[in-house]
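Presented below is the structure to which this report refers.
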Amino acid sequence: MTLSDAAQRRKKSSLMADRAWLLLVWYDRHRRRLPWRALPGEIVDPYRVWLSEIMLQQTTVKAVGPYFEKFLNRWPTVDALGQASLDDVLRMWAGLGYYSRARNLHACAVAIIREHDGVFPDTEERLRTLPGIGPYTAAAIAAIAFDRRTMPVDGNIERVVSRLFVVEDPLPKAKPTIQHLATTLLGPSRAGDSAQALMDLGATICTPKKPACSLCPFDQDCAASLRGDAESFPRKAPKKNGELRRGAAFVVTRGDELLVRTRPTKGLLGGMTEVPTSDWLAGHPDKLALQQAPAVKNVSRWHRKAGVVTHVFTHFPLELVVYTVKVAARTRAPDDMRWVKITTLADEALPNVMRKVIAHGLGPRPLL
């Protein structure tokens, strides 16, 4: 190694140390107060960290806050959550979306009780063996709860790092590069604070639109800011939209009761409550969908409600026509279906798309 090479390495090492230090100084002054985040000097609760990280997957902090508080009040420890029924967990989760997270949340709590004596593993490798914990979540828990020297990279951190270092490759191709560069922002200690500092920086300063660069601790060092094109990062490959799927939903009432069923445990909206529906298929004609109506005794004609219910899932948009019918008081529910009081629908594990369907089928009333 030449003297020039050694000098360059020392300069680079010093720059990385300065960035890590600046980041923590900024965080100590501007950190967000979040219900799952320990205050300075408090002992971090791994249960709170894990619960919040699962809830925050593809969901905003604003949306998660009330759900986090509800879960914590109902199940204050991982042991309490692991002893709850999956149905109760799904009911509490209803409305938050991405319901596989709720199933994995419950399965993970059970695994921690059975396999780890109710104590969270404290390394990325062991955390990744648990249901619902992938590379990012394992790194986040390891860093924030146990101060392991690792850097979880979420969307906020991707944005900060891609701008700071002007990462030209589009996502998702750029993910390994961003992961490596994000790790250079770790100091010799306080890994959890470094990660949360980058998350806060992306959420409050380095925002997708109109970033407040003058308030950023990296303002004089950020390549994208100096170039004046920060908003163009991170680069993103063109998004592929899923093909529109269509189907029918059937709102059957028996006096003050509604006909519902539970979806299969595996698959989309697994284990959630729904009104009977047809298959959801691309180009599904209305007549074919109507042929999949539930076999309710003495029903020969369905009333089609005007309009359609629309909903967008991660991989495809959905349109549902809604058919309604009223049946006699003693009509039995078809196999694998049940009657529930309309006034108790708020207690059911109804996904948002079903809330829309029921509201459309029953008309305006304070149900859900």
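Chains: A, B, ... in order of the structure tokens. Residues: from 1 per chain. Ligands: from 1, in order shown.
The residue set within 8 Å of range 349-351 of chain A, counting only C-alpha atoms and dropping same-chain residues fewer than 5 places from it, reads Asp87, Leu90, Arg91, Met92, Trp93, Ala94, Gly95, Gly97, Leu269, Met272, Thr273 and Glu274 of chain A.
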Skip range 16-33 of chain A itself and residues of its chain fewer than 5 positions away, then list as JSON, numbers by chain all residues within 12 Å of it, counting only C-alpha atoms.
{"A": [9, 10, 11, 38, 39, 40, 61, 65, 160, 161, 164, 181, 182, 183, 184, 185, 186, 187, 188, 189, 190, 191, 192, 193, 194, 195, 196, 197, 198, 199, 200, 201, 202, 203, 204, 205, 215, 216, 217, 218, 219, 220, 221, 222]}
When DSSP is applied to the backbone of this structure, which of range 99-290 of chain A are assigned alpha helix (DSSP H)? Write them out as a short mmCIF file (atom, residue, chain, number, x, y, z; two decimals) with N, CA, C and O atoms, in the first residue's frame.
data_model
loop_
_atom_site.label_atom_id
_atom_site.label_comp_id
_atom_site.auth_asym_id
_atom_site.auth_seq_id
_atom_site.Cartn_x
_atom_site.Cartn_y
_atom_site.Cartn_z
N SER A 100 -51.38 -11.69 6.94
CA SER A 100 -50.40 -12.74 7.23
C SER A 100 -49.49 -12.31 8.38
O SER A 100 -48.96 -13.14 9.12
N ARG A 101 -49.32 -10.99 8.55
CA ARG A 101 -48.51 -10.50 9.67
C ARG A 101 -49.12 -10.89 11.01
O ARG A 101 -48.40 -11.25 11.96
N ALA A 102 -50.45 -10.82 11.10
CA ALA A 102 -51.12 -11.17 12.36
C ALA A 102 -50.96 -12.66 12.65
O ALA A 102 -50.73 -13.06 13.80
N ARG A 103 -51.09 -13.49 11.61
CA ARG A 103 -50.93 -14.93 11.82
C ARG A 103 -49.49 -15.25 12.24
O ARG A 103 -49.26 -16.06 13.15
N ASN A 104 -48.54 -14.60 11.58
CA ASN A 104 -47.13 -14.83 11.95
C ASN A 104 -46.82 -14.27 13.33
O ASN A 104 -45.99 -14.82 14.05
N LEU A 105 -47.45 -13.16 13.67
CA LEU A 105 -47.24 -12.57 14.99
C LEU A 105 -47.62 -13.56 16.08
O LEU A 105 -46.86 -13.79 17.04
N HIS A 106 -48.79 -14.16 15.93
CA HIS A 106 -49.24 -15.14 16.92
C HIS A 106 -48.35 -16.38 16.92
O HIS A 106 -47.94 -16.87 17.99
N ALA A 107 -48.00 -16.87 15.72
CA ALA A 107 -47.13 -18.06 15.64
C ALA A 107 -45.77 -17.79 16.25
O ALA A 107 -45.18 -18.67 16.90
N CYS A 108 -45.25 -16.59 16.07
CA CYS A 108 -43.96 -16.24 16.64
C CYS A 108 -44.01 -16.19 18.16
O CYS A 108 -43.11 -16.70 18.84
N ALA A 109 -45.08 -15.61 18.70
CA ALA A 109 -45.22 -15.56 20.16
C ALA A 109 -45.28 -16.97 20.74
O ALA A 109 -44.65 -17.26 21.78
N VAL A 110 -46.02 -17.85 20.08
CA VAL A 110 -46.11 -19.24 20.54
C VAL A 110 -44.73 -19.90 20.49
O VAL A 110 -44.32 -20.61 21.42
N ALA A 111 -43.97 -19.66 19.40
CA ALA A 111 -42.64 -20.26 19.26
C ALA A 111 -41.68 -19.75 20.33
O ALA A 111 -40.86 -20.52 20.86
N ILE A 112 -41.77 -18.47 20.67
CA ILE A 112 -40.89 -17.92 21.70
C ILE A 112 -41.17 -18.56 23.05
O ILE A 112 -40.25 -18.85 23.84
N ILE A 113 -42.45 -18.82 23.33
CA ILE A 113 -42.80 -19.48 24.59
C ILE A 113 -42.32 -20.93 24.60
O ILE A 113 -41.69 -21.39 25.56
N ARG A 114 -42.60 -21.64 23.53
CA ARG A 114 -42.31 -23.08 23.49
C ARG A 114 -40.83 -23.40 23.30
O ARG A 114 -40.31 -24.35 23.88
N GLU A 115 -40.16 -22.59 22.47
CA GLU A 115 -38.79 -22.93 22.09
C GLU A 115 -37.72 -22.09 22.79
O GLU A 115 -36.55 -22.46 22.77
N HIS A 116 -38.13 -20.94 23.36
CA HIS A 116 -37.14 -20.05 23.95
C HIS A 116 -37.53 -19.61 25.36
O HIS A 116 -37.03 -18.59 25.85
N GLU A 124 -29.28 -11.86 15.22
CA GLU A 124 -30.00 -11.91 13.96
C GLU A 124 -30.26 -13.34 13.52
O GLU A 124 -31.36 -13.68 13.06
N GLU A 125 -29.24 -14.19 13.64
CA GLU A 125 -29.36 -15.56 13.16
C GLU A 125 -30.47 -16.30 13.86
O GLU A 125 -31.29 -16.97 13.23
N ARG A 126 -30.55 -16.19 15.17
CA ARG A 126 -31.57 -16.90 15.92
C ARG A 126 -32.94 -16.27 15.74
O ARG A 126 -33.95 -16.96 15.70
N LEU A 127 -32.99 -14.96 15.62
CA LEU A 127 -34.27 -14.28 15.39
C LEU A 127 -34.87 -14.71 14.06
O LEU A 127 -36.10 -14.86 13.94
N PRO A 135 -34.97 -10.95 7.21
CA PRO A 135 -33.67 -10.29 7.43
C PRO A 135 -33.79 -8.89 8.02
O PRO A 135 -33.06 -8.54 8.95
N TYR A 136 -34.71 -8.07 7.47
CA TYR A 136 -34.83 -6.71 7.99
C TYR A 136 -35.30 -6.70 9.44
O TYR A 136 -34.72 -6.04 10.30
N THR A 137 -36.38 -7.43 9.73
CA THR A 137 -36.94 -7.42 11.08
C THR A 137 -35.95 -7.99 12.09
O THR A 137 -35.83 -7.48 13.22
N ALA A 138 -35.22 -9.02 11.71
CA ALA A 138 -34.20 -9.59 12.60
C ALA A 138 -33.13 -8.56 12.92
O ALA A 138 -32.70 -8.41 14.07
N ALA A 139 -32.69 -7.84 11.89
CA ALA A 139 -31.66 -6.82 12.11
C ALA A 139 -32.20 -5.68 12.98
O ALA A 139 -31.48 -5.18 13.86
N ALA A 140 -33.45 -5.28 12.76
CA ALA A 140 -34.04 -4.19 13.54
C ALA A 140 -34.14 -4.57 15.02
O ALA A 140 -33.78 -3.78 15.90
N ILE A 141 -34.63 -5.77 15.30
CA ILE A 141 -34.75 -6.21 16.70
C ILE A 141 -33.38 -6.35 17.33
O ILE A 141 -33.15 -5.93 18.47
N ALA A 142 -32.44 -6.96 16.59
CA ALA A 142 -31.09 -7.17 17.13
C ALA A 142 -30.43 -5.83 17.46
O ALA A 142 -29.78 -5.68 18.51
N ALA A 143 -30.58 -4.85 16.57
CA ALA A 143 -29.94 -3.55 16.79
C ALA A 143 -30.64 -2.75 17.88
O ALA A 143 -30.01 -2.26 18.82
N ILE A 144 -31.97 -2.61 17.76
CA ILE A 144 -32.70 -1.71 18.67
C ILE A 144 -32.88 -2.32 20.05
O ILE A 144 -32.73 -1.63 21.07
N ALA A 145 -33.20 -3.60 20.12
CA ALA A 145 -33.47 -4.23 21.42
C ALA A 145 -32.21 -4.71 22.12
O ALA A 145 -32.14 -4.72 23.36
N PHE A 146 -31.19 -5.12 21.32
CA PHE A 146 -30.00 -5.74 21.93
C PHE A 146 -28.69 -5.05 21.56
O PHE A 146 -27.62 -5.51 21.92
N GLY A 155 -37.54 1.64 4.22
CA GLY A 155 -37.71 2.60 3.14
C GLY A 155 -37.12 3.96 3.45
O GLY A 155 -36.56 4.62 2.56
N ASN A 156 -37.24 4.41 4.69
CA ASN A 156 -36.66 5.70 5.07
C ASN A 156 -35.14 5.68 4.95
O ASN A 156 -34.53 6.64 4.45
N ILE A 157 -34.54 4.61 5.41
CA ILE A 157 -33.07 4.51 5.36
C ILE A 157 -32.60 4.38 3.92
O ILE A 157 -31.58 4.95 3.53
N GLU A 158 -33.33 3.62 3.11
CA GLU A 158 -32.99 3.53 1.68
C GLU A 158 -32.93 4.91 1.04
O GLU A 158 -32.02 5.21 0.26
N ARG A 159 -33.89 5.76 1.39
CA ARG A 159 -33.96 7.09 0.79
C ARG A 159 -32.77 7.95 1.23
O ARG A 159 -32.12 8.60 0.41
N VAL A 160 -32.48 7.95 2.53
CA VAL A 160 -31.36 8.75 3.05
C VAL A 160 -30.05 8.30 2.42
O VAL A 160 -29.27 9.13 1.93
N VAL A 161 -29.81 7.01 2.42
CA VAL A 161 -28.52 6.49 1.94
C VAL A 161 -28.37 6.68 0.44
O VAL A 161 -27.30 7.06 -0.05
N SER A 162 -29.44 6.42 -0.31
CA SER A 162 -29.34 6.57 -1.77
C SER A 162 -29.06 8.02 -2.15
O SER A 162 -28.36 8.29 -3.14
N ARG A 163 -29.54 8.98 -1.38
CA ARG A 163 -29.26 10.39 -1.65
C ARG A 163 -27.88 10.79 -1.17
O ARG A 163 -27.15 11.50 -1.88
N LEU A 164 -27.52 10.34 0.00
CA LEU A 164 -26.22 10.70 0.56
C LEU A 164 -25.08 10.24 -0.35
O LEU A 164 -24.11 10.97 -0.58
N LYS A 175 -30.48 -2.60 -3.59
CA LYS A 175 -30.59 -2.94 -2.17
C LYS A 175 -29.27 -3.41 -1.54
O LYS A 175 -28.91 -2.95 -0.45
N PRO A 176 -28.50 -4.33 -2.16
CA PRO A 176 -27.23 -4.75 -1.52
C PRO A 176 -26.26 -3.59 -1.36
O PRO A 176 -25.58 -3.48 -0.33
N THR A 177 -26.19 -2.70 -2.37
CA THR A 177 -25.29 -1.56 -2.27
C THR A 177 -25.72 -0.62 -1.15
O THR A 177 -24.89 -0.16 -0.35
N ILE A 178 -27.01 -0.35 -1.07
CA ILE A 178 -27.52 0.52 -0.01
C ILE A 178 -27.29 -0.09 1.36
O ILE A 178 -26.93 0.60 2.31
N GLN A 179 -27.49 -1.40 1.47
CA GLN A 179 -27.25 -2.09 2.75
C GLN A 179 -25.80 -1.90 3.20
O GLN A 179 -25.53 -1.58 4.36
N HIS A 180 -24.87 -2.08 2.28
CA HIS A 180 -23.44 -1.92 2.61
C HIS A 180 -23.14 -0.48 3.03
O HIS A 180 -22.46 -0.24 4.03
N LEU A 181 -23.64 0.49 2.26
CA LEU A 181 -23.36 1.89 2.57
C LEU A 181 -24.01 2.33 3.87
O LEU A 181 -23.43 3.11 4.63
N ALA A 182 -25.20 1.81 4.15
CA ALA A 182 -25.86 2.16 5.41
C ALA A 182 -25.05 1.70 6.61
O ALA A 182 -24.99 2.37 7.65
N THR A 183 -24.39 0.55 6.47
CA THR A 183 -23.58 0.02 7.57
C THR A 183 -22.42 0.93 7.90
O THR A 183 -21.96 0.96 9.06
N ALA A 191 -25.78 1.06 18.24
CA ALA A 191 -26.27 0.64 16.93
C ALA A 191 -27.77 0.89 16.79
O ALA A 191 -28.24 1.33 15.74
N GLY A 192 -28.51 0.58 17.84
CA GLY A 192 -29.96 0.78 17.79
C GLY A 192 -30.31 2.25 17.58
O GLY A 192 -31.22 2.57 16.80
N ASP A 193 -29.61 3.14 18.25
CA ASP A 193 -29.87 4.57 18.08
C ASP A 193 -29.48 5.03 16.68
O ASP A 193 -30.15 5.89 16.10
N SER A 194 -28.41 4.48 16.13
CA SER A 194 -28.01 4.85 14.77
C SER A 194 -29.09 4.46 13.77
O SER A 194 -29.44 5.24 12.87
N ALA A 195 -29.63 3.27 13.92
CA ALA A 195 -30.70 2.81 13.02
C ALA A 195 -31.93 3.69 13.16
O ALA A 195 -32.52 4.14 12.17
N GLN A 196 -32.35 3.95 14.39
CA GLN A 196 -33.55 4.76 14.61
C GLN A 196 -33.32 6.20 14.18
O GLN A 196 -34.26 6.88 13.73
N ALA A 197 -32.08 6.68 14.28
CA ALA A 197 -31.77 8.03 13.83
C ALA A 197 -31.96 8.15 12.32
O ALA A 197 -32.56 9.12 11.83
N LEU A 198 -31.50 7.16 11.57
CA LEU A 198 -31.69 7.19 10.12
C LEU A 198 -33.17 7.08 9.76
O LEU A 198 -33.65 7.72 8.82
N MET A 199 -33.90 6.25 10.49
CA MET A 199 -35.35 6.14 10.26
C MET A 199 -36.02 7.49 10.49
O MET A 199 -36.86 7.93 9.69
N ASP A 200 -35.68 8.15 11.59
CA ASP A 200 -36.28 9.45 11.90
C ASP A 200 -35.87 10.51 10.89
O ASP A 200 -36.68 11.36 10.50
N LEU A 201 -34.63 10.46 10.45
CA LEU A 201 -34.14 11.42 9.47
C LEU A 201 -34.94 11.30 8.17
O LEU A 201 -35.35 12.30 7.58
N GLY A 202 -35.17 10.06 7.74
CA GLY A 202 -35.94 9.84 6.52
C GLY A 202 -37.40 10.22 6.68
O GLY A 202 -38.03 10.70 5.74
N ALA A 203 -37.95 10.00 7.88
CA ALA A 203 -39.37 10.28 8.11
C ALA A 203 -39.68 11.76 8.28
O ALA A 203 -40.77 12.21 7.93
N THR A 204 -38.72 12.54 8.79
CA THR A 204 -39.02 13.93 9.15
C THR A 204 -38.26 14.97 8.33
O THR A 204 -38.75 16.09 8.16
N ALA A 223 -24.34 14.07 -1.47
CA ALA A 223 -24.05 14.26 -2.89
C ALA A 223 -25.29 14.69 -3.67
O ALA A 223 -25.21 15.56 -4.54
N ALA A 224 -26.44 14.10 -3.37
CA ALA A 224 -27.66 14.45 -4.10
C ALA A 224 -28.10 15.87 -3.78
O ALA A 224 -28.55 16.61 -4.67
N SER A 225 -27.98 16.27 -2.52
CA SER A 225 -28.34 17.63 -2.15
C SER A 225 -27.43 18.64 -2.83
O SER A 225 -27.90 19.67 -3.34
N LEU A 226 -26.15 18.35 -2.88
CA LEU A 226 -25.20 19.25 -3.53
C LEU A 226 -25.46 19.35 -5.02
O LEU A 226 -25.24 20.40 -5.64
N ARG A 227 -25.95 18.25 -5.62
CA ARG A 227 -26.29 18.26 -7.03
C ARG A 227 -27.63 18.91 -7.31
O ARG A 227 -27.94 19.28 -8.44
N ASP A 286 -70.04 -11.39 -14.90
CA ASP A 286 -71.01 -11.33 -13.81
C ASP A 286 -71.85 -12.61 -13.72
O ASP A 286 -72.15 -13.10 -12.63
N LYS A 287 -72.26 -13.14 -14.86
CA LYS A 287 -73.12 -14.33 -14.84
C LYS A 287 -72.41 -15.51 -14.21
O LYS A 287 -73.01 -16.29 -13.46
N LEU A 288 -71.12 -15.67 -14.52
CA LEU A 288 -70.35 -16.77 -13.94
C LEU A 288 -70.18 -16.57 -12.44
O LEU A 288 -70.28 -17.51 -11.64
N ALA A 289 -69.93 -15.32 -12.03
CA ALA A 289 -69.79 -15.03 -10.60
C ALA A 289 -71.08 -15.33 -9.86
O ALA A 289 -71.06 -15.89 -8.75
N LEU A 290 -72.22 -15.01 -10.46
CA LEU A 290 -73.51 -15.23 -9.81
C LEU A 290 -73.79 -16.73 -9.62
O LEU A 290 -74.46 -17.12 -8.67
#
Considering only C-alpha atoms, return as number ranges by chain whatever protein or nucleic-acid residues lie within 12 Å of Gln291 in chain A, sequence-local ones (same chain, fewer than 6 positions apart) excluded.
A: 247-250, 277-279, 284-285, 300-302, 323
